[in-house]
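Trainee: Got a structure for you, structure39.txt, holding compact mmCIF, C-alpha atoms and all ligand atoms.
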```
# COMPACT_ATOMS: atom_id res chain seq x y z
CA MET A 276 7.09 -102.10 -8.15
CA LYS A 277 8.47 -99.13 -9.99
CA LYS A 278 6.52 -100.16 -13.10
CA VAL A 279 3.23 -100.31 -11.16
CA PHE A 280 3.82 -96.89 -9.65
CA PHE A 281 4.68 -95.52 -13.05
CA GLY A 282 1.49 -97.06 -14.49
CA VAL A 283 -0.63 -95.49 -11.77
CA PHE A 284 1.15 -92.20 -12.31
CA VAL A 285 0.37 -92.27 -16.05
CA ILE A 286 -3.30 -93.11 -15.39
CA VAL A 287 -3.57 -90.23 -12.90
CA LEU A 288 -1.82 -87.90 -15.37
CA VAL A 289 -4.19 -88.87 -18.20
CA GLY A 290 -7.14 -88.43 -15.85
CA VAL A 291 -5.99 -84.95 -14.82
CA ALA A 292 -5.43 -84.03 -18.49
CA LEU A 293 -8.96 -85.20 -19.41
CA ILE A 294 -10.52 -83.25 -16.55
CA LEU A 295 -8.54 -80.13 -17.58
CA MET A 296 -9.65 -80.55 -21.20
CA GLY A 297 -13.25 -80.88 -20.07
CA VAL A 298 -12.96 -77.77 -17.95
CA THR A 299 -11.39 -75.83 -20.84
CA VAL A 300 -14.12 -76.85 -23.26
CA LYS A 301 -16.80 -75.97 -20.73
CA ARG A 302 -15.18 -72.64 -19.97
CA SER A 303 -14.91 -71.60 -23.62
CA GLN A 304 -18.58 -72.41 -24.11
CA GLU A 305 -19.58 -70.38 -21.09
CA GLU A 306 -17.21 -67.51 -21.63
CA HIS A 307 -19.36 -65.86 -24.26
CA PRO A 308 -22.60 -65.43 -22.35
CA THR A 309 -20.50 -64.44 -19.33
CA LEU A 310 -18.82 -61.67 -21.32
CA LEU A 311 -22.16 -60.46 -22.70
CA MET A 312 -23.79 -60.82 -19.28
CA ARG A 313 -21.08 -58.79 -17.57
CA LEU A 314 -20.91 -56.10 -20.24
CA ASN A 315 -24.70 -55.96 -20.39
CA ASN A 316 -24.63 -54.06 -17.09
CA ARG A 317 -22.73 -51.26 -18.79
CA VAL A 318 -25.17 -50.72 -21.67
CA ASP A 319 -26.77 -47.27 -21.79
CA GLY A 320 -28.40 -47.45 -25.21
CA SER A 321 -28.06 -48.63 -28.77
CA CYS A 322 -27.29 -47.25 -32.21
CA ASN A 323 -27.32 -48.59 -35.76
CA ILE A 324 -24.68 -49.74 -38.15
CA THR A 325 -25.45 -49.47 -41.84
CA SER A 326 -22.42 -51.25 -43.30
CA TYR A 327 -19.42 -53.32 -42.25
CA THR A 328 -16.72 -54.52 -44.61
CA THR A 329 -13.18 -55.74 -44.97
CA TYR A 330 -10.84 -54.46 -47.68
CA GLY A 331 -7.45 -56.15 -47.52
CA ARG A 332 -6.47 -56.14 -43.83
CA PHE A 333 -8.89 -53.39 -42.90
CA PHE A 334 -12.22 -53.85 -41.18
CA ASN A 335 -14.50 -50.85 -41.26
CA LEU A 336 -18.00 -49.94 -40.30
CA GLU A 337 -20.41 -47.09 -40.75
CA GLY A 338 -23.48 -46.23 -38.70
CA ASN A 339 -25.52 -43.56 -36.99
CA ILE A 340 -26.67 -42.48 -33.56
CA ASP A 341 -29.52 -40.19 -32.52
CA GLY A 342 -28.58 -36.65 -31.56
CA GLU A 343 -25.57 -34.48 -32.19
CA HIS A 344 -22.34 -35.78 -30.69
CA ASP A 345 -18.69 -34.92 -31.02
CA ASP A 346 -17.10 -37.03 -28.28
CA ILE A 347 -17.55 -40.52 -29.75
CA ALA A 348 -15.18 -43.47 -30.13
CA LEU A 349 -15.63 -47.01 -31.35
CA ILE A 350 -14.28 -49.49 -28.85
CA LEU A 351 -13.64 -53.19 -28.64
CA LYS A 352 -14.25 -54.21 -25.05
CA ASP A 353 -13.65 -57.34 -23.05
CA GLU A 354 -13.83 -57.67 -19.28
CA GLU A 355 -10.39 -56.17 -18.72
CA LYS A 356 -9.59 -53.73 -21.48
CA GLU A 357 -10.83 -51.39 -24.17
CA ILE A 358 -9.25 -50.91 -27.59
CA GLU A 359 -10.20 -47.53 -28.94
CA TYR A 360 -10.66 -46.52 -32.59
CA GLU A 361 -11.18 -42.97 -33.83
CA LEU A 362 -14.29 -42.17 -35.80
CA VAL A 363 -14.99 -39.76 -38.64
CA LEU A 364 -18.17 -37.87 -37.71
CA GLU A 365 -20.79 -35.99 -39.67
CA ASN A 366 -23.84 -34.33 -38.12
CA ARG A 367 -27.10 -34.68 -40.04
CA GLU A 368 -30.49 -33.44 -38.72
CA ASP A 369 -30.69 -34.82 -35.15
CA MET A 370 -28.39 -37.65 -36.06
CA THR A 371 -24.63 -38.23 -36.05
CA VAL A 372 -23.21 -40.43 -38.83
CA PHE A 373 -19.95 -42.15 -37.90
CA LYS A 374 -17.42 -44.23 -39.80
CA THR A 375 -14.04 -45.74 -39.01
CA ASN A 376 -12.11 -44.66 -42.10
CA LYS A 377 -11.68 -41.89 -44.63
CA LEU A 378 -9.81 -43.99 -47.20
CA ILE A 379 -10.67 -47.58 -48.11
CA ASN A 380 -7.33 -49.04 -46.97
CA GLN A 381 -7.34 -47.37 -43.56
CA GLY A 382 -9.25 -47.88 -40.33
CA ILE A 383 -9.20 -50.99 -38.16
CA ASN A 384 -6.21 -53.15 -39.09
CA LEU A 385 -7.38 -56.65 -38.12
CA GLU A 386 -3.79 -57.88 -37.96
CA ASN A 387 -3.29 -55.82 -34.79
CA VAL A 388 -6.28 -57.04 -32.77
CA PRO A 389 -5.04 -59.20 -29.85
CA VAL A 390 -6.39 -62.73 -29.44
CA GLY A 391 -9.61 -62.75 -27.42
CA LYS A 392 -13.34 -62.11 -27.44
CA TYR A 393 -14.63 -58.58 -27.60
CA VAL A 394 -17.86 -56.66 -27.94
CA PHE A 395 -18.10 -53.55 -30.11
CA PHE A 396 -19.51 -50.44 -28.43
CA ILE A 397 -19.89 -46.82 -29.34
CA ARG A 398 -18.54 -44.91 -26.35
CA LEU A 399 -19.99 -41.47 -25.74
CA GLY A 400 -18.42 -38.81 -23.58
CA SER A 401 -15.17 -38.74 -21.68
CA GLU A 402 -13.85 -40.07 -18.39
CA GLU A 403 -16.39 -38.71 -15.88
CA GLU A 404 -19.53 -39.37 -17.85
CA VAL A 405 -19.09 -42.30 -20.18
CA LYS A 406 -21.96 -44.06 -21.92
CA TYR A 407 -21.83 -47.33 -23.84
CA TYR A 408 -24.08 -47.99 -26.83
CA THR A 409 -24.48 -51.39 -28.49
CA LEU A 410 -24.57 -51.70 -32.29
CA ASN A 411 -27.69 -52.93 -34.04
CA ASP A 412 -27.21 -54.42 -37.48
CA LYS A 413 -29.23 -52.54 -40.10
CA SER A 414 -26.86 -53.50 -42.92
CA GLN A 415 -28.15 -56.90 -44.04
CA MET A 416 -24.51 -57.78 -44.72
CA LYS A 417 -22.93 -61.16 -44.16
CA ASN A 418 -20.89 -62.03 -41.08
CA ILE A 419 -17.14 -61.70 -41.53
CA THR A 420 -14.56 -64.48 -41.25
CA TYR A 421 -11.03 -63.11 -41.67
CA TYR A 422 -7.72 -64.97 -41.56
CA THR A 423 -4.64 -63.00 -40.57
CA ILE A 424 -1.56 -62.94 -42.76
CA THR A 425 0.84 -65.85 -42.21
CA LYS A 426 3.65 -64.72 -39.93
CA ASN A 427 6.13 -67.28 -38.57
CA SER A 428 3.78 -69.99 -39.95
CA LYS A 429 1.02 -68.74 -37.63
CA ASN A 430 -2.47 -67.45 -38.36
CA LYS A 431 -5.49 -66.24 -36.49
CA GLU A 432 -9.16 -66.52 -37.40
CA ILE A 433 -11.32 -63.50 -36.68
CA LYS A 434 -15.09 -63.88 -36.73
CA ILE A 435 -17.32 -60.84 -36.54
CA ASP A 436 -21.02 -61.40 -36.01
CA PHE A 437 -24.00 -60.54 -33.83
CA GLU A 438 -25.29 -62.26 -30.69
CA ASP A 439 -28.40 -61.60 -28.67
CA TYR A 440 -28.46 -61.32 -24.89
CA ASP A 441 -31.16 -59.90 -22.62
CA SER A 442 -33.11 -58.93 -25.76
CA LYS A 443 -30.22 -56.76 -26.92
CA SER A 444 -28.03 -57.32 -29.97
CA PHE A 445 -24.25 -57.27 -29.51
CA MET A 446 -21.67 -57.06 -32.29
CA VAL A 447 -18.97 -59.53 -31.26
CA LEU A 448 -15.40 -60.09 -32.47
CA ASN A 449 -13.81 -63.45 -31.72
CA ASN A 450 -10.09 -63.78 -32.48
CA GLU A 451 -8.30 -67.08 -31.98
CA GLU A 452 -5.20 -68.84 -33.23
CA THR A 453 -5.90 -71.32 -36.00
CA LYS A 454 -4.39 -73.43 -38.73
CA LEU A 455 -4.93 -71.71 -42.09
CA PRO A 456 -7.51 -73.65 -44.18
CA SER A 457 -6.03 -75.07 -47.39
CA ASN A 458 -8.14 -72.82 -49.65
CA ILE A 459 -7.12 -69.58 -47.90
CA TYR A 460 -4.13 -67.51 -49.11
CA ASP A 461 -2.34 -64.32 -48.06
CA VAL A 462 -1.56 -62.91 -51.51
CA VAL A 463 -2.82 -63.53 -55.06
CA ILE A 464 -0.64 -62.72 -58.07
CA ASP A 465 -2.35 -62.31 -61.41
CA PRO A 466 -0.07 -62.66 -64.45
CA GLY A 467 -2.08 -60.68 -67.03
CA HIS A 468 -3.32 -62.19 -70.32
CA GLY A 469 -2.30 -65.76 -71.36
CA GLY A 470 -2.98 -68.34 -74.08
CA LYS A 471 -4.45 -66.78 -77.23
CA ASP A 472 -4.57 -63.40 -75.48
CA VAL A 473 -0.89 -62.48 -75.71
CA GLY A 474 -1.32 -58.85 -74.65
CA ALA A 475 1.24 -56.35 -75.91
CA ASN A 476 4.06 -57.67 -78.08
CA LYS A 477 7.22 -56.43 -79.73
CA ASN A 478 10.01 -58.19 -81.66
CA GLY A 479 8.62 -61.65 -80.88
CA GLN A 480 8.34 -60.91 -77.14
CA TYR A 481 4.87 -61.45 -75.73
CA GLU A 482 3.51 -59.67 -72.67
CA SER A 483 1.60 -62.78 -71.52
CA LYS A 484 4.83 -64.78 -71.34
CA ILE A 485 6.81 -62.06 -69.52
CA ASN A 486 3.93 -61.57 -67.04
CA LEU A 487 3.95 -65.29 -66.25
CA GLU A 488 7.72 -65.33 -65.72
CA TYR A 489 7.38 -62.44 -63.28
CA GLY A 490 4.38 -64.06 -61.57
CA LEU A 491 6.19 -67.35 -60.96
CA LYS A 492 9.34 -65.61 -59.68
CA LEU A 493 7.39 -63.26 -57.43
CA LYS A 494 5.41 -66.19 -55.97
CA GLU A 495 8.65 -67.96 -55.10
CA SER A 496 10.11 -64.82 -53.54
CA LEU A 497 7.01 -64.10 -51.41
CA GLU A 498 6.86 -67.73 -50.31
CA LYS A 499 10.42 -67.36 -49.01
CA LEU A 500 9.00 -64.65 -46.71
CA GLY A 501 6.60 -67.28 -45.36
CA LEU A 502 3.54 -65.98 -47.22
CA LYS A 503 0.98 -68.29 -48.80
CA VAL A 504 0.62 -67.23 -52.43
CA LYS A 505 -1.77 -68.20 -55.21
CA LEU A 506 -1.44 -67.44 -58.92
CA THR A 507 -4.51 -66.87 -61.09
CA ARG A 508 -2.68 -68.88 -63.78
CA GLU A 509 0.46 -71.02 -63.58
CA THR A 510 0.83 -71.83 -67.27
CA ASP A 511 0.43 -70.07 -70.60
CA GLU A 512 -3.33 -70.46 -70.65
CA SER A 513 -6.31 -68.24 -71.26
CA ILE A 514 -8.49 -67.73 -68.17
CA PRO A 515 -11.80 -65.88 -67.85
CA ASN A 516 -12.06 -62.45 -66.19
CA TYR A 517 -15.36 -63.28 -64.47
CA GLY A 518 -17.24 -66.37 -63.31
CA GLU A 519 -15.88 -69.64 -61.92
CA GLY A 520 -12.09 -69.86 -61.54
CA SER A 521 -11.67 -66.38 -63.00
CA ARG A 522 -9.15 -63.66 -62.28
CA VAL A 523 -11.81 -61.87 -60.24
CA SER A 524 -13.19 -64.90 -58.32
CA VAL A 525 -9.84 -66.34 -57.19
CA PRO A 526 -8.92 -63.49 -54.77
CA TYR A 527 -12.40 -63.63 -53.12
CA GLU A 528 -12.31 -67.39 -52.71
CA ALA A 529 -8.75 -67.25 -51.34
CA LYS A 530 -9.79 -64.41 -48.98
CA ALA A 531 -6.53 -62.78 -50.11
CA LYS A 532 -5.40 -59.59 -48.44
CA LEU A 533 -3.42 -58.32 -51.42
CA LEU A 534 -3.67 -58.79 -55.20
CA LEU A 535 -0.88 -57.81 -57.57
CA SER A 536 -1.82 -57.95 -61.24
CA ILE A 537 1.31 -58.04 -63.40
CA HIS A 538 1.32 -56.36 -66.83
CA GLN A 539 3.69 -54.83 -69.37
CA ASN A 540 2.71 -51.57 -70.96
CA SER A 541 2.60 -50.55 -74.58
CA ALA A 542 1.76 -47.32 -76.35
CA ILE A 543 1.19 -46.22 -79.92
CA TYR A 544 3.65 -43.35 -79.49
CA ASN A 545 7.40 -43.50 -78.89
CA VAL A 546 7.87 -44.05 -75.16
CA GLY A 547 11.65 -43.55 -75.11
CA ASP A 548 13.08 -45.22 -72.05
CA GLY A 549 9.66 -46.45 -70.91
CA GLY A 550 9.11 -46.62 -67.17
CA VAL A 551 7.01 -48.09 -64.42
CA GLU A 552 3.34 -47.29 -63.68
CA ILE A 553 1.48 -48.61 -60.60
CA TYR A 554 -2.31 -48.29 -60.89
CA VAL A 555 -4.19 -47.82 -57.61
CA PRO A 556 -7.81 -48.12 -56.46
CA ASN A 557 -9.79 -44.88 -56.08
CA HIS A 558 -10.20 -43.43 -52.55
CA ALA A 559 -7.16 -45.28 -51.21
CA ASP A 560 -4.00 -44.34 -49.36
CA ASN A 561 -1.24 -44.71 -51.97
CA SER A 562 1.80 -45.24 -49.75
CA PHE A 563 2.21 -48.89 -50.85
CA ALA A 564 2.05 -47.93 -54.55
CA GLU A 565 4.55 -45.12 -54.01
CA MET A 566 6.92 -47.53 -52.27
CA LEU A 567 6.53 -50.09 -55.08
CA ALA A 568 7.35 -47.54 -57.78
CA THR A 569 10.31 -46.08 -55.84
CA ASN A 570 11.78 -49.49 -54.96
CA ILE A 571 11.54 -50.62 -58.58
CA VAL A 572 13.21 -47.44 -59.88
CA GLU A 573 15.94 -47.53 -57.22
CA ASN A 574 16.77 -51.21 -57.67
CA THR A 575 16.51 -51.68 -61.45
CA SER A 576 17.68 -49.64 -64.44
CA THR A 577 14.14 -48.52 -65.22
CA ILE A 578 12.70 -45.07 -64.60
CA TYR A 579 9.35 -43.59 -63.54
CA SER A 580 7.07 -43.51 -66.58
CA GLY A 581 7.00 -40.23 -68.47
CA ASN A 582 3.28 -40.68 -69.15
CA VAL A 583 1.32 -37.82 -67.53
CA ALA A 584 -2.22 -39.06 -68.19
CA ASN A 585 -3.86 -40.26 -64.94
CA LYS A 586 -0.63 -39.65 -63.03
CA ILE A 587 -1.01 -38.75 -59.36
CA SER A 588 2.62 -38.94 -58.23
CA LYS A 589 5.94 -40.39 -59.52
CA GLY A 590 5.11 -43.82 -60.96
CA VAL A 591 1.63 -43.87 -59.34
CA TYR A 592 -1.50 -43.69 -61.51
CA LEU A 593 -5.23 -43.63 -60.91
CA ARG A 594 -7.46 -44.19 -63.90
CA LYS A 595 -11.16 -43.53 -63.45
CA PHE A 596 -13.93 -43.73 -66.04
CA SER A 597 -14.02 -40.54 -68.10
CA LYS A 598 -17.25 -39.08 -69.49
CA SER A 599 -16.26 -40.36 -72.93
CA ASP A 600 -15.51 -43.88 -71.52
CA ILE A 601 -19.04 -43.95 -70.10
CA ALA A 602 -20.54 -42.58 -73.34
CA SER A 603 -18.79 -45.19 -75.47
CA MET A 604 -19.80 -48.01 -73.08
CA THR A 605 -23.42 -46.88 -73.31
CA LYS A 606 -23.22 -46.63 -77.10
CA GLU A 607 -21.66 -50.09 -77.39
CA ALA A 608 -24.33 -51.60 -75.14
CA LYS A 609 -27.10 -50.07 -77.26
CA GLN A 610 -25.51 -51.33 -80.49
CA LYS A 611 -25.18 -54.85 -79.12
CA GLY A 612 -28.62 -54.84 -77.49
CA TYR A 613 -27.44 -55.00 -73.85
CA GLU A 614 -28.57 -52.99 -70.84
CA PRO A 615 -26.00 -50.20 -70.49
CA TYR A 616 -23.95 -50.23 -67.30
CA ASP A 617 -25.44 -47.29 -65.46
CA LYS A 618 -23.45 -47.41 -62.22
CA ALA A 619 -20.18 -46.07 -63.65
CA THR A 620 -19.45 -42.47 -62.77
CA THR A 621 -16.33 -40.35 -63.21
CA ASP A 622 -15.51 -41.46 -59.64
CA THR A 623 -15.33 -45.19 -60.51
CA THR A 624 -12.00 -47.02 -60.88
CA TYR A 625 -11.49 -47.90 -64.56
CA TYR A 626 -9.47 -51.13 -64.44
CA TYR A 627 -11.73 -54.10 -63.68
CA ILE A 628 -9.04 -56.12 -61.87
CA ILE A 629 -8.77 -53.37 -59.23
CA ARG A 630 -12.47 -52.43 -59.11
CA GLU A 631 -14.05 -55.88 -59.21
CA THR A 632 -11.86 -57.62 -56.61
CA GLY A 633 -12.61 -55.28 -53.67
CA GLY A 634 -16.37 -56.00 -53.46
CA ILE A 635 -18.69 -53.14 -52.54
CA VAL A 636 -15.77 -51.15 -51.08
CA SER A 637 -14.13 -50.66 -54.49
CA GLY A 638 -17.40 -50.27 -56.41
CA ALA A 639 -17.66 -53.74 -57.99
CA TYR A 640 -20.80 -54.30 -60.05
CA VAL A 641 -22.57 -57.06 -61.96
CA ASP A 642 -21.38 -56.91 -65.53
CA ASP A 643 -24.59 -58.36 -66.94
CA ARG A 644 -24.87 -56.32 -70.09
CA ASN A 645 -24.49 -59.54 -71.98
CA SER A 646 -26.36 -62.29 -70.18
CA ASP A 647 -24.37 -64.90 -72.12
CA ASN A 648 -21.19 -63.74 -70.43
CA PRO A 649 -20.23 -64.78 -66.92
CA TRP A 650 -20.30 -61.88 -64.46
CA ASN A 651 -18.73 -61.03 -61.12
CA ILE A 652 -20.48 -63.38 -58.71
CA TYR A 653 -18.92 -61.50 -55.77
CA TYR A 654 -19.99 -58.01 -56.88
CA ASN A 655 -21.82 -57.28 -53.59
CA SER A 656 -19.32 -58.97 -51.28
CA ASN A 657 -18.57 -57.17 -48.01
CA HIS A 658 -15.09 -58.70 -47.98
CA GLY A 659 -12.64 -57.66 -50.67
CA CYS A 660 -9.02 -57.69 -51.65
CA GLU A 661 -6.69 -54.66 -51.79
CA SER A 662 -5.64 -54.68 -55.44
CA TYR A 663 -3.01 -53.02 -57.60
CA LEU A 664 -2.14 -53.23 -61.28
CA LEU A 665 1.60 -53.13 -62.00
CA GLU A 666 2.70 -52.00 -65.45
CA LEU A 667 6.35 -52.90 -65.00
CA GLY A 668 7.58 -51.24 -68.18
CA PHE A 669 6.88 -50.55 -71.86
CA ILE A 670 7.34 -53.50 -74.15
CA ASN A 671 7.59 -51.11 -77.14
CA SER A 672 10.55 -49.26 -75.67
CA THR A 673 13.77 -50.95 -76.79
CA THR A 674 15.62 -49.90 -73.62
CA ASN A 675 12.76 -50.92 -71.35
CA LEU A 676 12.21 -54.30 -73.02
CA GLU A 677 15.85 -55.16 -72.45
CA ILE A 678 15.56 -54.27 -68.76
CA LEU A 679 12.29 -56.24 -68.43
CA LEU A 680 13.99 -59.32 -69.87
CA ASN A 681 17.36 -59.03 -68.09
CA GLU A 682 16.58 -57.57 -64.68
CA GLN A 683 13.69 -59.77 -63.56
CA ASP A 684 15.33 -60.77 -60.28
CA LYS A 685 15.93 -57.12 -59.37
CA TYR A 686 12.30 -56.23 -60.14
CA VAL A 687 11.05 -59.19 -58.11
CA LYS A 688 13.21 -58.27 -55.13
CA ALA A 689 11.98 -54.66 -55.24
CA ILE A 690 8.34 -55.82 -55.30
CA SER A 691 8.73 -58.46 -52.62
CA ASP A 692 10.65 -56.07 -50.32
CA SER A 693 7.73 -53.62 -50.66
CA VAL A 694 5.18 -56.34 -49.84
CA LYS A 695 7.25 -57.42 -46.82
CA TYR A 696 7.31 -53.87 -45.50
CA TYR A 697 3.64 -53.11 -46.24
CA LEU A 698 2.26 -56.32 -44.77
CA GLU A 699 4.64 -56.06 -41.80
CA ILE A 700 6.00 -59.58 -42.18
ZN ZN B 1 -1.55 -56.12 -70.17
```
How does this structure look as structure tokens?
Mentor:
Amino acid sequence: MKKVFFGVFVIVLVGVALILMGVTVKRSQEEHPTLLMRLNNRVDGSCNITSYTTYGRFFNLEGNIDGEHDDIALILKDEEKEIEYELVLENREDMTVFKTNKLINQGINLENVPVGKYVFFIRLGSEEEVKYYTLNDKSQMKNITYYTITKNSKNKEIKIDFEDYDSKSFMVLNNEETKLPSNIYDVVIDPGHGGKDVGANKNGQYESKINLEYGLKLKESLEKLGLKVKLTRETDESIPNYGEGSRVSVPYEAKAKLLLSIHQNSAIYNVGDGGVEIYVPNHADNSFAEMLATNIVENTSTIYSGNVANKISKGVYLRKFSKSDIASMTKEAKQKGYEPYDKATTDTTYYYIIRETGGIVSGAYVDDRNSDNPWNIYYNSNHGCESYLLELGFINSTTNLEILLNEQDKYVKAISDSVKYYLEI
């Protein structure tokens, strides 16, 4: 008897579970139009967005609205709540231009958006007289799919795209828990040089080999934090800068949030005790680079580099194209019969690994001066990686080389502690 009852019980349980599953599936399909339908009643007008991008963890957009306004916020709205983001405003002839960030690694941190479905609105005015404007896409950019950084083995997938309802266009953000696809990574580490390209060398020590040792150790250390990490190379091999499987393509394909390119410095002059230099992207907040440099100096025997060229603060450097860099590039192109690269200005980040991995946000371009060479296939991507170039020390400083060879674990700990803090693991 007991067995029969138990059997019936199981059948009823399975039945209830199936019905619940059906209801859940049906509800999630209906939820979207319901959200748009309900929020549709609040719409007072529309405005345009001219760009939307991700750079590292940051989603940002830029657009404009008719008339002069100063009381504007960007909001993410569902049926219960509003998440508010400040805007940077600029009035231009009967039009207000708005954007979410001043610096490229600021603005809307996607890691902090709660799970759910939301619609983007521009909210005008304050409490008593509030108006909601939808966002029309005038950007011709691709929809965004973002995966949050792995924390406690968990990830979320955030999709940002446009949906029509009642002949209006709504910009929608959908954030749900997911299993991270196998080809997606949190961080990419790029051990510079490799194979025939040995980089700097001194007394039989090759930069390419030291970079790889650091890359492998750093990967292991970051993985202990629970991060998913990819190396651009895992052996002493030569890999291309552009094109398939290149240093530049890997971070895009991995949808990485952070890229650390590991190098060792060298100079023609006597560098004494050497020192660390962290190269940053232009127009970025440099707090992560400052922390990297400080942690390295405080936890190893190395010092901040004494080099003053391109220095912006202790151990932090920003190199942009100089007028003479641009002149010599143009001259070289002419000599070799290529089209000169005419997009570089004195405001463009010099190092390709930083510039080319951030997509349009960091000023990537198609390097097609020589059509025989592969070029950056992601040059106009609206998703990019936040990238830094780490010159850990000078290989041609006797004191520094010794530290670089003997204090690798201390360096790696300093870097991985900084990443842990910055990515809020
Ligand atoms: Zn190098």
Trainee: Taking only C-alpha atoms and all ligand atoms into account, which residues have an atom no farther than 8 Å from ligand ZN 1 (chain B)? I'd like them as an MDAnalysis selection string.
Mentor: chainID A and resid 467:468 474:475 482:483 537:540 666
Trainee: Could you write out that same residue set with C-alpha atoms as a PDB file, keeping the file's coordinate frame?
Mentor:
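Saved as selection31.pdb:
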```
ATOM      1  CA  GLY A 467      -2.080 -60.680 -67.030  1.00  0.00           C
ATOM      2  CA  HIS A 468      -3.320 -62.190 -70.320  1.00  0.00           C
ATOM      3  CA  GLY A 474      -1.320 -58.850 -74.650  1.00  0.00           C
ATOM      4  CA  ALA A 475       1.240 -56.350 -75.910  1.00  0.00           C
ATOM      5  CA  GLU A 482       3.510 -59.670 -72.670  1.00  0.00           C
ATOM      6  CA  SER A 483       1.600 -62.780 -71.520  1.00  0.00           C
ATOM      7  CA  ILE A 537       1.310 -58.040 -63.400  1.00  0.00           C
ATOM      8  CA  HIS A 538       1.320 -56.360 -66.830  1.00  0.00           C
ATOM      9  CA  GLN A 539       3.690 -54.830 -69.370  1.00  0.00           C
ATOM     10  CA  ASN A 540       2.710 -51.570 -70.960  1.00  0.00           C
ATOM     11  CA  GLU A 666       2.700 -52.000 -65.450  1.00  0.00           C
TER      12      GLU A 666
END
```
Trainee: Would you list the contacts of segment 574-582 of chain A as a list in words, taking every protein, DNA or RNA residue within 8 Å and counting only C-alpha atoms, but skipping same-chain residues closer than 4 positions in sequence?
Mentor: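 The neighbour list is Val546, Asp548, Gly549, Gly550, Val551, Glu552, Ala568, Asn570, Lys586, Lys589, Gly590, Gly668, Asn675, Ile678, Glu682, Lys685, Tyr686 and Ala689 of chain A.
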Trainee: Which neighbours of Leu455 of chain A fall inside 10 Å, counting only C-alpha atoms, when residues of the same chain fewer than 2 positions from it are skipped, and could you give them as a ChimeraX atom specification?
Mentor: /A:422-425,428-432,452-453,457-461,503
Trainee: Now that the selection is made, can you save its residues with C-alpha atoms as a CSV table (one decimal), keeping the file's coordinate frame?
Mentor:
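selection_35.csv, written as the output of this step:
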```csv
chain,number,residue,atom,x,y,z
A,422,TYR,CA,-7.7,-65.0,-41.6
A,423,THR,CA,-4.6,-63.0,-40.6
A,424,ILE,CA,-1.6,-62.9,-42.8
A,425,THR,CA,0.8,-65.8,-42.2
A,428,SER,CA,3.8,-70.0,-40.0
A,429,LYS,CA,1.0,-68.7,-37.6
A,430,ASN,CA,-2.5,-67.4,-38.4
A,431,LYS,CA,-5.5,-66.2,-36.5
A,432,GLU,CA,-9.2,-66.5,-37.4
A,452,GLU,CA,-5.2,-68.8,-33.2
A,453,THR,CA,-5.9,-71.3,-36.0
A,457,SER,CA,-6.0,-75.1,-47.4
A,458,ASN,CA,-8.1,-72.8,-49.6
A,459,ILE,CA,-7.1,-69.6,-47.9
A,460,TYR,CA,-4.1,-67.5,-49.1
A,461,ASP,CA,-2.3,-64.3,-48.1
A,503,LYS,CA,1.0,-68.3,-48.8
```
Trainee: So that I can check the surroundings of Ala639 of chain A, please list as a PyMOL selection string every protein, DNA and RNA residue that reaches within 10 Å of it, counting all atoms listed in the file and ignoring chain neighbours fewer than 2 positions away.
Mentor: chain A and resi 618-619+623-624+627-637+641-642+651+653-656+659
Trainee: With distances taken over all atoms listed in the file, which residue among A:Thr507, A:Asn384, A:Thr673, A:Thr409 lies nearest Lys477 of chain A?
Mentor: A:Thr673
Trainee: Could you tell me how far atom CA of Glu386 of chain A sits from atom CA of Leu698 of chain A, in Å to one decimal place?
Mentor: 9.2 Å
Trainee: If we count only C-alpha atoms, what is near segment 517-519 of chain A at a cut-off of 7 Å, once residues fewer than 2 positions away on the same chain are taken out, given as a PyMOL selection string?
Mentor: chain A and resi 515+521-524+649-652
Trainee: Since the input has fewer atoms than a full residue there, write segment 564-569 of chain A out with N, CA, C and O atoms, as a PDB file, in the frame of the given file.
Mentor:
```pdb
ATOM      1  N   ALA A 564       1.752 -48.117 -53.123  1.00  0.00           N
ATOM      2  CA  ALA A 564       2.050 -47.930 -54.550  1.00  0.00           C
ATOM      3  C   ALA A 564       3.279 -47.053 -54.747  1.00  0.00           C
ATOM      4  O   ALA A 564       4.127 -47.325 -55.602  1.00  0.00           O
ATOM      5  N   GLU A 565       3.379 -46.010 -53.920  1.00  0.00           N
ATOM      6  CA  GLU A 565       4.550 -45.120 -54.010  1.00  0.00           C
ATOM      7  C   GLU A 565       5.832 -45.881 -53.687  1.00  0.00           C
ATOM      8  O   GLU A 565       6.849 -45.718 -54.355  1.00  0.00           O
ATOM      9  N   MET A 566       5.741 -46.736 -52.661  1.00  0.00           N
ATOM     10  CA  MET A 566       6.920 -47.530 -52.270  1.00  0.00           C
ATOM     11  C   MET A 566       7.286 -48.512 -53.372  1.00  0.00           C
ATOM     12  O   MET A 566       8.465 -48.685 -53.690  1.00  0.00           O
ATOM     13  N   LEU A 567       6.283 -49.154 -53.981  1.00  0.00           N
ATOM     14  CA  LEU A 567       6.530 -50.090 -55.080  1.00  0.00           C
ATOM     15  C   LEU A 567       7.284 -49.400 -56.211  1.00  0.00           C
ATOM     16  O   LEU A 567       8.323 -49.883 -56.674  1.00  0.00           O
ATOM     17  N   ALA A 568       6.755 -48.257 -56.656  1.00  0.00           N
ATOM     18  CA  ALA A 568       7.350 -47.540 -57.780  1.00  0.00           C
ATOM     19  C   ALA A 568       8.783 -47.117 -57.438  1.00  0.00           C
ATOM     20  O   ALA A 568       9.709 -47.323 -58.228  1.00  0.00           O
ATOM     21  N   THR A 569       8.972 -46.560 -56.243  1.00  0.00           N
ATOM     22  CA  THR A 569      10.310 -46.080 -55.840  1.00  0.00           C
ATOM     23  C   THR A 569      11.290 -47.245 -55.732  1.00  0.00           C
ATOM     24  O   THR A 569      12.418 -47.148 -56.236  1.00  0.00           O
TER      25      THR A 569
END
```
